[in-house]
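The structure appears below as structure tokens.
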Amino acid sequence: QVQLVESGGGLVQAGGSLRLSCAASGSIFSINAMGWYRQAPGKQRELVATIISFGRTNYADSVKGRFIISRDYAKNTVYLQMNSLKPEDTAVYYCNAVINGIPNWGQGTQVTVSS
């Protein structure tokens with residue numbers, strides 16, 4: 001079994017920054033991709049950013065230039081540095097990782113941006 005544990009959410013004013021972390025643990029043989037998704041109230045879950053092998057990254061247009069995804073391969077951890085936050089970034093942020101060929105989800109962490 002594997003587990004994804006997220007941390008770093010909270011309340012921040014518009015223009016501020018937050019850093020999310022997601023650590024994978026358990027019987028891990030390979031992690032092909034890690035990423036972040038978010039779900040705002042009344043909306044579908046959407047991709048925020050992903051990072052795959054060799055450090056290739058992909059971002060939603062709405063966060064390009066503001067968010068940075070990174071990964072610590074030794075710690076099986078993925079980070080999301082969120083800068084210049086906007087009220088529309090308010091959502092529950094979920095970590096996703098393809099571990100041993102199987103997609104896994106974290107429990108989610110709330111990010112609230114006040115105007």
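Ordering of the structure tokens sets the chain letters (A, B, ...), residue numbers begin anew at 1 in every chain, and ligands are numbered from 1 in the order given.
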**OP:** Please run DSSP on the backbone and report, as a ChimeraX atom specification, all residues within chain A that come out as strand (DSSP E).
**Re:** /A:2-7,10-13,18-26,31-39,46-52,57-59,67-72,77-82,91-99,102-105,109-114
Since we have the selection now, will you write its residues out, keeping C-alpha atoms, as a compact mmCIF listing (two decimals), in the first residue's frame?
# COMPACT_ATOMS: atom_id res chain seq x y z
CA VAL A 2 1.04 3.55 -0.65
CA GLN A 3 -0.02 6.81 0.91
CA LEU A 4 0.10 10.44 -0.15
CA VAL A 5 0.17 13.02 2.63
CA GLU A 6 -0.33 16.67 1.78
CA SER A 7 0.50 19.74 3.83
CA GLY A 10 -4.25 27.60 4.60
CA LEU A 11 -5.66 31.09 4.40
CA VAL A 12 -3.74 33.84 2.62
CA GLN A 13 -4.51 37.30 1.28
CA LEU A 18 1.81 29.36 -0.15
CA ARG A 19 3.82 26.20 -0.63
CA LEU A 20 2.13 22.83 -0.75
CA SER A 21 3.96 19.57 -0.12
CA CYS A 22 2.96 15.99 -0.85
CA ALA A 23 5.00 13.06 0.37
CA ALA A 24 4.53 9.53 -0.93
CA SER A 25 5.25 6.58 1.33
CA GLY A 26 4.76 2.83 1.41
CA ILE A 31 6.77 6.95 -9.48
CA ASN A 32 6.14 7.95 -13.07
CA ALA A 33 4.42 11.27 -12.53
CA MET A 34 3.33 13.53 -9.72
CA GLY A 35 1.04 16.50 -9.84
CA TRP A 36 -1.54 18.77 -8.31
CA TYR A 37 -5.21 19.16 -9.08
CA ARG A 38 -7.80 21.41 -7.49
CA GLN A 39 -11.53 21.50 -7.01
CA GLU A 46 -9.02 20.40 -12.71
CA LEU A 47 -5.35 19.94 -13.38
CA VAL A 48 -3.04 22.56 -11.90
CA ALA A 49 0.43 21.22 -12.68
CA THR A 50 2.26 17.97 -13.28
CA ILE A 51 5.88 16.87 -13.31
CA ILE A 52 7.05 13.69 -14.97
CA THR A 57 6.43 20.09 -16.30
CA ASN A 58 2.96 21.05 -17.46
CA TYR A 59 0.78 23.87 -16.10
CA PHE A 67 2.92 28.53 -9.71
CA ILE A 68 6.00 26.31 -9.77
CA ILE A 69 5.94 22.55 -9.38
CA SER A 70 9.05 20.70 -8.26
CA ARG A 71 9.97 17.26 -7.04
CA ASP A 72 12.47 15.79 -4.62
CA THR A 77 7.88 14.44 -2.49
CA VAL A 78 6.29 16.95 -4.82
CA TYR A 79 5.91 20.64 -4.08
CA LEU A 80 3.74 23.41 -5.44
CA GLN A 81 4.98 26.93 -4.87
CA MET A 82 2.04 29.27 -5.36
CA ALA A 91 -10.05 25.37 -3.80
CA VAL A 92 -9.19 22.04 -2.26
CA TYR A 93 -5.85 21.01 -3.73
CA TYR A 94 -5.21 17.32 -4.31
CA CYS A 95 -1.92 15.59 -4.87
CA ASN A 96 -1.79 12.84 -7.49
CA ALA A 97 0.99 10.36 -8.13
CA VAL A 98 1.27 7.38 -10.46
CA ILE A 99 2.96 4.87 -8.17
CA ILE A 102 -1.40 3.03 -10.41
CA PRO A 103 -2.80 6.56 -9.88
CA ASN A 104 -3.11 7.57 -6.24
CA TRP A 105 -4.75 10.59 -4.63
CA THR A 109 -5.69 20.41 1.49
CA GLN A 110 -7.75 23.59 1.56
CA VAL A 111 -6.35 26.79 0.08
CA THR A 112 -8.37 29.94 0.67
CA VAL A 113 -7.37 33.28 -0.84
CA SER A 114 -9.13 36.34 0.56
Which of range 5-114 of chain A end up as helix (DSSP H, G or I) when DSSP is run on this backbone - answer as a list in words?
Ser53, Phe54, Gly55, Pro87, Glu88 and Asp89 of chain A
Given the selection you just returned, output its residues as a file containing C-alpha atoms, formatted as a PDB file, in the first residue's frame.
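To be explicit, this is the file written out as out35.pdb:
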ATOM      1  CA  SER A  53      10.326  11.868 -15.366  1.00  0.00           C
ATOM      2  CA  PHE A  54      13.299  14.011 -16.326  1.00  0.00           C
ATOM      3  CA  GLY A  55      11.604  17.051 -14.813  1.00  0.00           C
ATOM      4  CA  PRO A  87      -9.278  34.630  -4.888  1.00  0.00           C
ATOM      5  CA  GLU A  88     -10.102  32.375  -7.833  1.00  0.00           C
ATOM      6  CA  ASP A  89      -7.310  30.045  -6.711  1.00  0.00           C
TER       7      ASP A  89
END
From the list A:Ser84, A:Asp61, A:Tyr73, A:Thr90, which residue is nearest Ser30 in chain A when using only C-alpha atoms?
->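 Ranking A:Ser84, A:Asp61, A:Tyr73, A:Thr90 by distance to Ser30 in chain A, first place goes to A:Tyr73.
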